[in-house]
$ cat work30.cif   # mmCIF, C-alpha atoms
data_run
#
loop_
_atom_site.label_atom_id
_atom_site.label_comp_id
_atom_site.auth_asym_id
_atom_site.auth_seq_id
_atom_site.Cartn_x
_atom_site.Cartn_y
_atom_site.Cartn_z
CA MET A 1 6.58 6.97 30.37
CA PHE A 2 4.43 5.05 27.91
CA PHE A 3 0.81 4.85 26.82
CA VAL A 4 -1.36 2.59 29.00
CA HIS A 5 -3.29 0.27 26.70
CA PRO A 6 -6.88 -0.18 27.88
CA GLY A 7 -7.03 -3.77 26.56
CA ARG A 8 -9.65 -3.00 23.95
CA ILE A 9 -9.21 -4.66 20.55
CA TRP A 10 -9.11 -1.84 18.02
CA ASN A 11 -8.81 -3.74 14.74
CA HIS A 12 -10.27 -7.20 14.30
CA ARG A 13 -9.02 -9.72 11.74
CA ARG A 14 -6.13 -7.57 10.52
CA GLY A 15 -2.50 -8.62 10.39
CA GLY A 16 0.19 -10.12 8.22
CA GLY A 17 -0.18 -9.88 4.47
CA HIS A 18 2.22 -9.08 1.69
CA LYS A 19 4.47 -6.05 2.00
CA ARG A 20 3.20 -2.98 0.18
CA LYS A 21 4.87 0.13 -1.14
CA TYR A 22 2.70 3.20 -0.68
CA ARG A 23 1.90 5.35 -3.70
CA MET A 24 1.45 9.02 -2.83
CA ILE A 25 -1.80 10.10 -4.49
CA ASP A 26 -2.31 13.80 -5.23
CA TRP A 27 -5.92 14.34 -4.20
CA VAL A 28 -5.85 18.04 -5.19
CA ARG A 29 -6.13 18.06 -8.95
CA CYS A 30 -5.49 21.81 -9.32
CA HIS A 31 -3.48 23.68 -6.68
CA GLU A 32 -3.66 27.39 -6.00
CA THR A 33 -0.13 27.86 -7.37
CA ASP A 34 -1.05 26.21 -10.69
CA ALA A 35 -2.25 27.98 -13.80
CA VAL A 36 -5.91 28.62 -14.56
CA GLU A 37 -6.11 25.35 -16.48
CA LYS A 38 -3.72 22.43 -16.12
CA VAL A 39 -3.38 19.92 -18.97
CA GLU A 40 -1.70 16.59 -18.24
CA LYS A 41 -1.05 13.46 -20.28
CA VAL A 42 -1.81 9.99 -18.95
CA GLU A 43 1.34 7.89 -19.26
CA ARG A 44 -0.03 4.58 -17.95
CA ILE A 45 -2.66 2.97 -15.73
CA LEU A 46 -1.21 1.12 -12.72
CA TYR A 47 -2.31 -1.27 -9.99
CA ASP A 48 -2.23 0.03 -6.43
CA PRO A 49 -2.26 -2.54 -3.59
CA ASN A 50 -3.36 0.12 -1.07
CA ARG A 51 -6.77 0.80 -2.66
CA SER A 52 -9.41 -0.91 -4.76
CA ALA A 53 -9.28 1.56 -7.67
CA ARG A 54 -6.60 1.84 -10.33
CA ILE A 55 -4.27 4.82 -10.38
CA ALA A 56 -2.95 6.81 -13.33
CA LEU A 57 0.53 8.24 -13.74
CA VAL A 58 0.05 11.66 -15.34
CA ALA A 59 2.71 14.12 -16.45
CA GLU A 60 2.90 17.80 -17.33
CA GLY A 61 6.36 18.48 -18.70
CA GLU A 62 8.83 16.97 -16.24
CA ALA A 63 6.38 16.99 -13.30
CA LYS A 64 4.67 13.66 -12.66
CA ARG A 65 2.10 12.55 -10.08
CA TYR A 66 -0.44 9.83 -9.31
CA VAL A 67 -4.19 10.44 -9.54
CA ILE A 68 -7.23 8.17 -9.34
CA ALA A 69 -8.04 6.72 -12.75
CA THR A 70 -11.57 6.82 -14.17
CA GLN A 71 -13.39 3.96 -15.87
CA ASN A 72 -12.46 4.63 -19.52
CA MET A 73 -9.14 6.42 -18.94
CA LYS A 74 -6.24 4.99 -20.94
CA ALA A 75 -2.64 5.82 -21.73
CA GLY A 76 -2.23 8.78 -24.04
CA ASP A 77 -5.35 10.67 -22.92
CA LEU A 78 -5.19 14.35 -22.04
CA ILE A 79 -6.98 15.43 -18.86
CA ASN A 80 -7.71 18.99 -17.75
CA SER A 81 -7.85 20.33 -14.20
CA THR A 82 -9.16 23.79 -13.37
CA GLN A 83 -10.52 25.83 -10.48
CA LEU A 84 -12.13 28.44 -12.72
CA MET A 85 -15.85 29.00 -12.18
CA THR A 86 -17.88 29.54 -15.34
CA ARG A 87 -21.25 31.20 -15.72
CA SER A 88 -22.60 28.62 -18.15
CA PRO A 89 -22.17 24.88 -17.56
CA VAL A 90 -19.14 23.28 -19.18
CA ARG A 91 -19.16 20.15 -21.32
CA PRO A 92 -18.31 17.28 -18.91
CA ILE A 93 -15.53 15.07 -20.28
CA GLU A 94 -14.49 11.99 -18.34
CA GLY A 95 -11.26 12.50 -16.41
CA ASN A 96 -11.46 16.29 -16.27
CA SER A 97 -11.74 18.14 -12.96
CA HIS A 98 -14.04 21.15 -12.53
CA PRO A 99 -15.75 23.03 -9.69
CA LEU A 100 -19.23 21.77 -8.89
CA GLY A 101 -20.71 25.13 -9.86
CA SER A 102 -19.43 24.73 -13.42
CA LEU A 103 -20.89 21.26 -14.04
CA PRO A 104 -24.39 20.62 -15.46
CA LEU A 105 -27.02 18.84 -13.39
CA GLY A 106 -27.00 15.05 -13.52
CA THR A 107 -23.23 14.77 -14.05
CA LEU A 108 -21.61 11.64 -12.63
CA ILE A 109 -18.57 12.61 -10.56
CA ASN A 110 -15.99 11.14 -8.20
CA CYS A 111 -13.23 12.33 -5.86
CA VAL A 112 -15.49 15.10 -4.54
CA GLU A 113 -14.02 17.72 -2.22
CA GLN A 114 -15.73 18.29 1.11
CA PHE A 115 -14.26 21.80 1.43
CA PRO A 116 -12.49 23.86 -1.26
CA GLY A 117 -8.80 23.07 -1.58
CA VAL A 118 -8.65 20.04 0.76
CA GLY A 119 -8.64 17.44 -2.03
CA GLY A 120 -11.04 14.67 -2.99
CA MET A 121 -12.55 12.97 0.05
CA MET A 122 -15.78 11.32 -1.16
CA ALA A 123 -16.57 8.70 -3.84
CA ARG A 124 -13.06 7.33 -4.26
CA ALA A 125 -13.55 3.53 -4.11
CA ALA A 126 -13.52 1.26 -7.15
CA GLY A 127 -16.53 1.57 -9.45
CA VAL A 128 -18.41 4.13 -7.34
CA THR A 129 -19.80 7.43 -8.50
CA ALA A 130 -21.64 10.41 -7.06
CA GLN A 131 -24.14 12.60 -8.89
CA LEU A 132 -24.82 16.32 -8.96
CA VAL A 133 -28.60 16.38 -8.56
CA ARG A 134 -29.53 20.04 -8.05
CA LYS A 135 -28.39 23.49 -6.95
CA GLN A 136 -30.14 25.49 -4.25
CA ASP A 137 -29.27 28.68 -2.33
CA ASP A 138 -25.74 28.99 -3.79
CA MET A 139 -25.04 25.39 -2.75
CA CYS A 140 -24.64 22.22 -4.80
CA VAL A 141 -26.50 19.07 -3.74
CA VAL A 142 -24.50 15.88 -4.40
CA ARG A 143 -25.94 12.38 -3.98
CA LEU A 144 -23.25 10.06 -2.64
CA PRO A 145 -22.98 6.32 -3.43
CA SER A 146 -24.77 5.64 -0.13
CA LYS A 147 -27.78 7.67 -1.44
CA ARG A 148 -27.04 10.30 1.19
CA GLU A 149 -27.28 13.89 -0.05
CA VAL A 150 -24.79 16.56 0.98
CA LEU A 151 -24.74 20.29 0.34
CA LEU A 152 -21.34 21.52 -0.82
CA LEU A 153 -19.94 24.86 -1.87
CA PRO A 154 -19.86 25.46 -5.64
CA THR A 155 -16.09 26.00 -5.48
CA CYS A 156 -15.48 22.40 -4.40
CA THR A 157 -13.90 20.48 -7.27
CA ALA A 158 -14.75 16.99 -8.52
CA THR A 159 -13.62 14.65 -11.29
CA VAL A 160 -16.05 13.73 -14.06
CA GLY A 161 -16.82 10.05 -14.54
CA ARG A 162 -16.86 6.78 -12.63
CA VAL A 163 -13.90 5.37 -10.70
CA SER A 164 -11.95 2.63 -12.46
CA ASN A 165 -11.98 -1.13 -11.70
CA VAL A 166 -15.76 -1.45 -11.90
CA ASP A 167 -15.70 -5.25 -11.49
CA HIS A 168 -13.90 -5.12 -8.15
CA ASN A 169 -16.97 -6.41 -6.28
CA LYS A 170 -17.17 -9.46 -8.59
CA ARG A 171 -13.71 -10.82 -7.79
CA VAL A 172 -13.44 -14.36 -6.43
CA ILE A 173 -11.05 -14.87 -3.52
CA GLY A 174 -10.82 -18.60 -4.30
CA LYS A 175 -9.00 -19.79 -1.20
CA ALA A 176 -8.23 -18.82 2.37
CA GLY A 177 -4.61 -18.10 1.56
CA ARG A 178 -5.48 -15.14 -0.63
CA ASN A 179 -7.18 -13.42 2.27
CA ARG A 180 -3.96 -13.88 4.25
CA TRP A 181 -2.04 -12.26 1.39
CA LEU A 182 -4.41 -9.30 1.68
CA GLY A 183 -3.80 -9.03 5.43
CA ILE A 184 -7.22 -10.40 6.45
CA ARG A 185 -7.09 -12.93 9.27
CA PRO A 186 -9.69 -15.70 9.73
CA ARG A 187 -12.77 -15.33 11.87
CA SER A 188 -13.02 -16.71 15.37
CA GLY A 189 -14.65 -19.90 14.08
CA ARG A 190 -17.62 -19.72 16.41
CA TRP A 191 -20.95 -20.47 14.73
CA HIS A 192 -23.60 -17.79 15.18
CA ARG A 193 -27.27 -18.61 14.77
CA LYS A 194 -28.93 -16.41 12.14
CA THR A 195 -32.37 -15.10 13.01
CA GLY A 196 -34.59 -12.43 11.56
CA HIS A 197 -34.20 -10.19 14.60
CA ALA A 198 -31.07 -8.46 13.32
CA GLY A 199 -32.29 -8.07 9.75
CA ARG A 200 -32.38 -4.97 7.63
CA LYS A 201 -34.56 -2.16 8.91
CA ILE A 202 -36.43 0.00 6.42
CA LYS A 203 -35.56 3.57 7.35
CA GLY A 204 -36.29 6.87 5.69
CA PRO A 205 -33.57 8.95 4.05
CA LYS A 206 -31.50 11.04 6.40
CA PRO A 207 -31.53 14.84 6.01
CA ALA A 208 -28.89 16.42 3.82
CA VAL A 209 -25.63 17.45 5.50
CA VAL A 210 -24.37 20.99 4.87
CA TYR A 211 -20.60 21.50 4.60
CA THR A 212 -19.57 25.16 4.64
CA GLN A 213 -16.37 25.29 6.71
CA PRO A 214 -14.25 22.71 8.59
CA ARG A 215 -14.94 22.12 12.25
CA PRO A 216 -12.35 23.47 14.72
CA GLN A 217 -10.25 20.65 16.15
CA LYS A 218 -10.54 20.04 19.87
CA PRO A 219 -7.42 19.49 21.99
CA LYS A 220 -6.63 15.81 22.28
CA THR A 221 -6.08 14.24 25.71
CA LEU A 222 -3.23 11.75 25.98
CA ASN A 223 -2.96 9.52 29.05
CA PHE A 224 0.49 8.44 30.19
CA GLY A 225 1.53 6.08 32.98
CA LEU A 226 4.66 4.71 34.62
CA PRO A 227 5.73 1.04 34.27
CA ASN A 228 4.47 -1.34 36.97
CA VAL A 229 2.15 1.33 38.34
CA PRO A 230 -1.58 0.53 38.14
CA GLY A 231 -3.88 3.19 36.80
CA ILE A 232 -3.18 6.47 35.07
CA TYR A 233 -0.19 8.31 36.47
CA GLU A 234 -0.51 11.63 34.75
CA SER A 235 -2.83 13.28 32.25
CA ARG A 236 -1.78 16.11 30.01
CA VAL A 237 -3.57 18.00 27.25
CA TYR A 238 -1.80 18.62 23.98
CA SER A 239 -3.19 20.63 21.09
CA ARG A 240 -2.62 19.16 17.68
#

$ encode --input "work30.cif" --output "C-alpha coordinates"
Amino acid sequence: MFFVHPGRIWNHRRGGGHKRKYRMIDWVRCHETDAVEKVEKVERILYDPNRSARIALVAEGEAKRYVIATQNMKAGDLINSTQLMTRSPVRPIEGNSHPLGSLPLGTLINCVEQFPGVGGMMARAAGVTAQLVRKQDDMCVVRLPSKREVLLLPTCTATVGRVSNVDHNKRVIGKAGRNRWLGIRPRSGRWHRKTGHAGRKIKGPKPAVVYTQPRPQKPKTLNFGLPNVPGIYESRVYSR
(Lines of atoms letter the chains of each structure in order from A and count residues from 1; the text may use other names and numbers.)
(Lines give C-alpha, C1' and ligand atoms only; values in the text may rest on other atoms or scores of the structure.)
Protein backbone atom coordinates (compact mmCIF):
# COMPACT_ATOMS: atom_id res chain seq x y z
CA MET A 1 0.00 0.00 0.00
CA PHE A 2 1.11 3.57 -0.62
CA PHE A 3 -0.07 7.10 0.04
CA VAL A 4 -2.55 8.44 -2.53
CA HIS A 5 -1.34 11.88 -3.61
CA PRO A 6 -4.25 14.31 -3.98
CA GLY A 7 -2.51 16.20 -6.81
CA ARG A 8 -2.14 19.40 -4.84
CA ILE A 9 1.15 21.27 -5.22
CA TRP A 10 2.58 21.61 -1.72
CA ASN A 11 5.75 23.60 -2.36
CA HIS A 12 6.00 26.07 -5.22
CA ARG A 13 9.30 27.14 -6.81
CA ARG A 14 11.45 24.77 -4.76
CA GLY A 15 13.88 22.24 -6.17
CA GLY A 16 17.47 21.63 -7.14
CA GLY A 17 20.16 23.75 -5.53
CA HIS A 18 23.55 22.98 -4.12
CA LYS A 19 23.94 20.07 -1.72
CA ARG A 20 23.96 21.07 1.94
CA LYS A 21 25.28 19.43 5.07
CA TYR A 22 23.00 20.01 8.03
CA ARG A 23 24.43 21.52 11.20
CA MET A 24 22.68 20.31 14.34
CA ILE A 25 21.87 23.44 16.36
CA ASP A 26 21.34 23.09 20.11
CA TRP A 27 18.33 25.31 20.72
CA VAL A 28 18.34 24.62 24.48
CA ARG A 29 21.13 26.73 25.87
CA CYS A 30 20.97 25.25 29.39
CA HIS A 31 19.65 21.72 29.92
CA GLU A 32 18.19 20.38 33.13
CA THR A 33 21.21 18.09 33.60
CA ASP A 34 23.65 21.02 33.37
CA ALA A 35 25.01 23.02 36.27
CA VAL A 36 23.34 26.15 37.61
CA GLU A 37 25.46 28.29 35.29
CA LYS A 38 27.20 27.08 32.14
CA VAL A 39 30.18 29.03 30.79
CA GLU A 40 31.32 28.33 27.22
CA LYS A 41 33.98 29.80 24.97
CA VAL A 42 33.26 30.80 21.38
CA GLU A 43 35.78 29.07 19.13
CA ARG A 44 34.69 30.53 15.78
CA ILE A 45 31.78 32.02 13.85
CA LEU A 46 30.65 29.90 10.88
CA TYR A 47 28.40 30.14 7.85
CA ASP A 48 25.36 27.87 7.77
CA PRO A 49 23.67 27.24 4.39
CA ASN A 50 20.48 26.04 6.10
CA ARG A 51 19.61 29.38 7.75
CA SER A 52 20.10 33.09 7.25
CA ALA A 53 21.92 33.70 10.55
CA ARG A 54 25.50 32.81 11.40
CA ILE A 55 26.24 30.04 13.88
CA ALA A 56 28.88 29.85 16.59
CA LEU A 57 30.90 26.82 17.61
CA VAL A 58 31.13 26.97 21.40
CA ALA A 59 33.00 24.63 23.73
CA GLU A 60 33.00 23.78 27.43
CA GLY A 61 35.92 21.48 28.08
CA GLU A 62 35.74 18.71 25.49
CA ALA A 63 32.01 19.20 24.79
CA LYS A 64 31.25 21.27 21.70
CA ARG A 65 27.99 22.37 20.09
CA TYR A 66 26.51 24.86 17.63
CA VAL A 67 24.39 27.82 18.77
CA ILE A 68 22.97 30.86 16.99
CA ALA A 69 25.50 33.69 16.97
CA THR A 70 24.56 37.22 18.02
CA GLN A 71 25.47 40.43 16.22
CA ASN A 72 28.73 41.32 18.02
CA MET A 73 29.79 37.81 19.03
CA LYS A 74 33.36 36.92 18.03
CA ALA A 75 35.89 34.16 18.62
CA GLY A 76 37.28 34.10 22.13
CA ASP A 77 34.19 35.46 23.88
CA LEU A 78 32.78 33.75 26.96
CA ILE A 79 29.01 33.25 27.07
CA ASN A 80 26.93 32.18 30.06
CA SER A 81 23.77 30.08 30.06
CA THR A 82 21.60 29.65 33.14
CA GLN A 83 18.09 28.66 34.19
CA LEU A 84 18.35 30.29 37.61
CA MET A 85 15.65 32.84 38.41
CA THR A 86 16.84 35.91 40.30
CA ARG A 87 14.83 38.30 42.41
CA SER A 88 16.52 41.41 41.06
CA PRO A 89 17.13 41.92 37.33
CA VAL A 90 20.51 40.80 36.04
CA ARG A 91 22.86 42.85 33.89
CA PRO A 92 22.09 41.83 30.28
CA ILE A 93 25.26 40.97 28.35
CA GLU A 94 25.02 40.09 24.67
CA GLY A 95 25.25 36.36 24.04
CA ASN A 96 24.19 35.28 27.53
CA SER A 97 21.02 33.26 28.10
CA HIS A 98 18.70 33.97 31.04
CA PRO A 99 15.06 33.33 32.00
CA LEU A 100 12.70 36.12 31.00
CA GLY A 101 11.86 36.77 34.64
CA SER A 102 15.50 37.67 35.37
CA LEU A 103 15.90 40.23 32.57
CA PRO A 104 15.13 43.95 32.94
CA LEU A 105 12.38 45.58 30.90
CA GLY A 106 13.32 46.79 27.43
CA THR A 107 15.98 44.11 26.87
CA LEU A 108 16.49 43.04 23.25
CA ILE A 109 16.41 39.25 23.03
CA ASN A 110 16.36 36.43 20.48
CA CYS A 111 15.85 32.66 20.40
CA VAL A 112 12.90 32.95 22.79
CA GLU A 113 11.35 29.79 24.20
CA GLN A 114 7.62 29.30 23.77
CA PHE A 115 7.46 26.88 26.71
CA PRO A 116 10.14 26.19 29.34
CA GLY A 117 12.69 23.62 28.24
CA VAL A 118 11.61 23.24 24.59
CA GLY A 119 14.37 25.45 23.17
CA GLY A 120 14.36 28.72 21.26
CA MET A 121 11.46 28.92 18.80
CA MET A 122 10.91 32.64 18.13
CA ALA A 123 13.13 35.44 16.76
CA ARG A 124 15.79 33.24 15.18
CA ALA A 125 16.23 34.73 11.67
CA ALA A 126 19.13 36.95 10.64
CA GLY A 127 19.13 40.44 12.14
CA VAL A 128 15.82 40.10 14.01
CA THR A 129 15.21 40.80 17.66
CA ALA A 130 12.36 40.63 20.15
CA GLN A 131 11.87 42.90 23.15
CA LEU A 132 10.72 42.34 26.71
CA VAL A 133 8.21 45.16 27.11
CA ARG A 134 6.47 44.52 30.45
CA LYS A 135 5.50 41.99 33.10
CA GLN A 136 1.94 41.41 34.22
CA ASP A 137 0.22 38.76 36.38
CA ASP A 138 3.34 36.56 36.72
CA MET A 139 3.72 36.57 32.93
CA CYS A 140 6.26 38.27 30.67
CA VAL A 141 5.04 40.20 27.62
CA VAL A 142 7.41 39.91 24.64
CA ARG A 143 7.03 41.93 21.44
CA LEU A 144 8.03 39.79 18.46
CA PRO A 145 9.63 41.13 15.25
CA SER A 146 6.15 41.11 13.68
CA LYS A 147 5.00 43.57 16.42
CA ARG A 148 2.78 40.84 17.83
CA GLU A 149 2.83 40.56 21.62
CA VAL A 150 2.87 37.20 23.39
CA LEU A 151 2.58 36.34 27.07
CA LEU A 152 5.19 33.81 28.18
CA LEU A 153 6.09 32.19 31.46
CA PRO A 154 8.97 33.85 33.34
CA THR A 155 10.90 30.56 33.29
CA CYS A 156 11.20 30.63 29.49
CA THR A 157 14.79 31.41 28.53
CA ALA A 158 16.05 33.79 25.85
CA THR A 159 19.39 35.00 24.52
CA VAL A 160 20.37 38.65 24.97
CA GLY A 161 21.10 40.64 21.84
CA ARG A 162 20.29 40.72 18.14
CA VAL A 163 20.80 37.79 15.76
CA SER A 164 23.91 37.95 13.59
CA ASN A 165 24.13 38.75 9.85
CA VAL A 166 22.16 41.99 10.12
CA ASP A 167 22.71 42.90 6.44
CA HIS A 168 21.10 39.73 5.14
CA ASN A 169 18.14 41.64 3.69
CA LYS A 170 20.51 43.92 1.71
CA ARG A 171 22.18 41.15 -0.28
CA VAL A 172 22.04 41.33 -4.08
CA ILE A 173 21.25 38.09 -5.90
CA GLY A 174 22.81 39.44 -9.11
CA LYS A 175 21.69 36.77 -11.54
CA ALA A 176 19.11 34.04 -12.01
CA GLY A 177 21.68 31.31 -11.53
CA ARG A 178 22.26 32.22 -7.90
CA ASN A 179 18.62 31.59 -7.12
CA ARG A 180 19.02 28.14 -8.67
CA TRP A 181 22.02 27.54 -6.40
CA LEU A 182 19.78 28.39 -3.45
CA GLY A 183 17.11 25.92 -4.61
CA ILE A 184 14.64 28.58 -5.79
CA ARG A 185 13.06 27.83 -9.16
CA PRO A 186 11.80 30.53 -11.55
CA ARG A 187 8.26 31.82 -11.56
CA SER A 188 5.67 30.67 -14.05
CA GLY A 189 6.44 33.62 -16.33
CA ARG A 190 2.85 34.78 -16.59
CA TRP A 191 2.41 38.54 -16.26
CA HIS A 192 -0.07 39.62 -13.59
CA ARG A 193 -1.68 43.04 -13.73
CA LYS A 194 -1.06 45.03 -10.54
CA THR A 195 -4.02 46.96 -9.19
CA GLY A 196 -4.75 48.66 -5.91
CA HIS A 197 -7.40 46.12 -4.96
CA ALA A 198 -4.97 43.72 -3.32
CA GLY A 199 -2.96 46.39 -1.53
CA ARG A 200 -2.02 46.58 2.10
CA LYS A 201 -4.90 46.82 4.53
CA ILE A 202 -4.49 48.92 7.66
CA LYS A 203 -5.51 46.65 10.52
CA GLY A 204 -5.35 47.07 14.26
CA PRO A 205 -2.94 45.06 16.41
CA LYS A 206 -4.05 41.56 17.25
CA PRO A 207 -4.60 40.62 20.90
CA ALA A 208 -1.70 39.12 22.80
CA VAL A 209 -1.37 35.32 22.74
CA VAL A 210 -0.92 33.53 26.07
CA TYR A 211 1.36 30.48 26.14
CA THR A 212 1.12 28.49 29.38
CA GLN A 213 1.31 24.83 28.35
CA PRO A 214 1.63 22.97 25.02
CA ARG A 215 -1.51 21.85 23.26
CA PRO A 216 -2.26 18.10 23.30
CA GLN A 217 -1.54 16.55 19.91
CA LYS A 218 -4.50 15.09 18.06
CA PRO A 219 -4.25 11.67 16.39
CA LYS A 220 -3.21 12.02 12.78
CA THR A 221 -5.24 10.32 10.04
CA LEU A 222 -3.27 8.65 7.26
CA ASN A 223 -5.03 7.57 4.07
CA PHE A 224 -3.70 4.54 2.22
CA GLY A 225 -4.77 3.02 -1.09
CA LEU A 226 -3.95 0.09 -3.35
CA PRO A 227 -2.25 0.54 -6.76
CA ASN A 228 -4.58 0.92 -9.76
CA VAL A 229 -7.59 1.27 -7.47
CA PRO A 230 -9.41 4.62 -7.65
CA GLY A 231 -10.27 6.33 -4.41
CA ILE A 232 -9.22 5.64 -0.86
CA TYR A 233 -9.00 1.96 -0.04
CA GLU A 234 -8.56 2.07 3.69
CA SER A 235 -8.30 4.69 6.40
CA ARG A 236 -6.55 4.11 9.68
CA VAL A 237 -5.83 6.37 12.64
CA TYR A 238 -2.38 6.40 14.15
CA SER A 239 -1.35 8.37 17.22
CA ARG A 240 1.98 10.09 16.98

$ residues_near_point --input "work30.cif" --point "(-1.9, 9.4, -19.0)" --cutoff "6 Å" --atoms "only C-alpha atoms" --output "mmCIF file with C-alpha atoms, in the frame of the given file"
data_model
loop_
_atom_site.group_PDB
_atom_site.id
_atom_site.type_symbol
_atom_site.label_atom_id
_atom_site.label_comp_id
_atom_site.auth_asym_id
_atom_site.auth_seq_id
_atom_site.Cartn_x
_atom_site.Cartn_y
_atom_site.Cartn_z
ATOM 1 C CA LYS A 41 -1.050 13.460 -20.280
ATOM 2 C CA VAL A 42 -1.810 9.990 -18.950
ATOM 3 C CA GLU A 43 1.340 7.890 -19.260
ATOM 4 C CA ARG A 44 -0.030 4.580 -17.950
ATOM 5 C CA LEU A 57 0.530 8.240 -13.740
ATOM 6 C CA VAL A 58 0.050 11.660 -15.340
ATOM 7 C CA ALA A 75 -2.640 5.820 -21.730
ATOM 8 C CA GLY A 76 -2.230 8.780 -24.040
ATOM 9 C CA ASP A 77 -5.350 10.670 -22.920
#

$ resolve_selection --input "work30.cif" --expression "the PyMOL selection byres ((chain A and resi 175-179) around 12)" --output "PyMOL selection string"
chain A and resi 13-18+171-174+180-187

$ atom_distance --input "work30.cif" --atom1 "CA of Val141 (chain A)" --atom2 "CA of His31 (chain A)"
23.7 Å

$ resolve_selection --input "work30.cif" --expression "the PyMOL selection byres ((chain A and resi 154-163) around 7)" --output "JSON list (two decimals) with C-alpha atoms, in the frame of the given file"
[["chain", "number", "residue", "atom", "x", "y", "z"],
["A", 53, "ALA", "CA", -9.28, 1.56, -7.67],
["A", 69, "ALA", "CA", -8.04, 6.72, -12.75],
["A", 70, "THR", "CA", -11.57, 6.82, -14.17],
["A", 71, "GLN", "CA", -13.39, 3.96, -15.87],
["A", 92, "PRO", "CA", -18.31, 17.28, -18.91],
["A", 93, "ILE", "CA", -15.53, 15.07, -20.28],
["A", 94, "GLU", "CA", -14.49, 11.99, -18.34],
["A", 95, "GLY", "CA", -11.26, 12.50, -16.41],
["A", 96, "ASN", "CA", -11.46, 16.29, -16.27],
["A", 97, "SER", "CA", -11.74, 18.14, -12.96],
["A", 98, "HIS", "CA", -14.04, 21.15, -12.53],
["A", 99, "PRO", "CA", -15.75, 23.03, -9.69],
["A", 100, "LEU", "CA", -19.23, 21.77, -8.89],
["A", 101, "GLY", "CA", -20.71, 25.13, -9.86],
["A", 108, "LEU", "CA", -21.61, 11.64, -12.63],
["A", 109, "ILE", "CA", -18.57, 12.61, -10.56],
["A", 110, "ASN", "CA", -15.99, 11.14, -8.20],
["A", 111, "CYS", "CA", -13.23, 12.33, -5.86],
["A", 112, "VAL", "CA", -15.49, 15.10, -4.54],
["A", 113, "GLU", "CA", -14.02, 17.72, -2.22],
["A", 114, "GLN", "CA", -15.73, 18.29, 1.11],
["A", 115, "PHE", "CA", -14.26, 21.80, 1.43],
["A", 116, "PRO", "CA", -12.49, 23.86, -1.26],
["A", 124, "ARG", "CA", -13.06, 7.33, -4.26],
["A", 125, "ALA", "CA", -13.55, 3.53, -4.11],
["A", 126, "ALA", "CA", -13.52, 1.26, -7.15],
["A", 127, "GLY", "CA", -16.53, 1.57, -9.45],
["A", 128, "VAL", "CA", -18.41, 4.13, -7.34],
["A", 129, "THR", "CA", -19.80, 7.43, -8.50],
["A", 139, "MET", "CA", -25.04, 25.39, -2.75],
["A", 140, "CYS", "CA", -24.64, 22.22, -4.80],
["A", 152, "LEU", "CA", -21.34, 21.52, -0.82],
["A", 153, "LEU", "CA", -19.94, 24.86, -1.87],
["A", 164, "SER", "CA", -11.95, 2.63, -12.46],
["A", 165, "ASN", "CA", -11.98, -1.13, -11.70]]

$ atom_distance --input "work30.cif" --atom1 "CA of Glu40 (chain A)" --atom2 "CA of Gln83 (chain A)"
14.9 Å

$ closest_residue --input "work30.cif" --among "A:Met121, A:Leu84, A:Leu105, A:Leu132" --to "Asp34 (chain A)" --atoms "all atoms listed in the file"
A:Leu84

$ closest_residue --input "work30.cif" --among "A:Met24, A:Val90, A:Leu103, A:Met85" --to "Val67 (chain A)" --atoms "only C-alpha atoms"
A:Met24

$ atom_distance --input "work30.cif" --atom1 "CA of Arg190 (chain A)" --atom2 "CA of Ile9 (chain A)"
17.7 Å

$ closest_residue --input "work30.cif" --among "A:Val118, A:Val150, A:Ile45, A:Ala56" --to "Val133 (chain A)" --atoms "all atoms listed in the file"
A:Val150

$ residues_around --input "work30.cif" --residues "Val28 (chain A)" --least-positions-apart "2" --cutoff "8 Å" --atoms "all atoms listed in the file" --output "list in words"
Asp26, Cys30, His31, Gly117, Val118, Gly119 and Gly120 of chain A

$ closest_residue --input "work30.cif" --among "A:Ser88, A:Ser52, A:Ser81, A:Asn72" --to "Val39 (chain A)" --atoms "all atoms listed in the file"
A:Ser81

$ axis_aligned_box --input "work30.cif" --around "region 169-175 of chain A" --padding-each-side "4 Å" --output "lines of an AutoDock Vina configuration file"
center_x = -13.1
center_y = -13.1
center_z = -4.9
size_x = 16.2
size_y = 21.4
size_z = 15.4

$ resolve_selection --input "work30.cif" --expression "the PyMOL selection byres ((chain A and resi 206-210) around 6)" --output "list in words"
Glu149, Val150, Leu151, Pro205 and Tyr211 of chain A
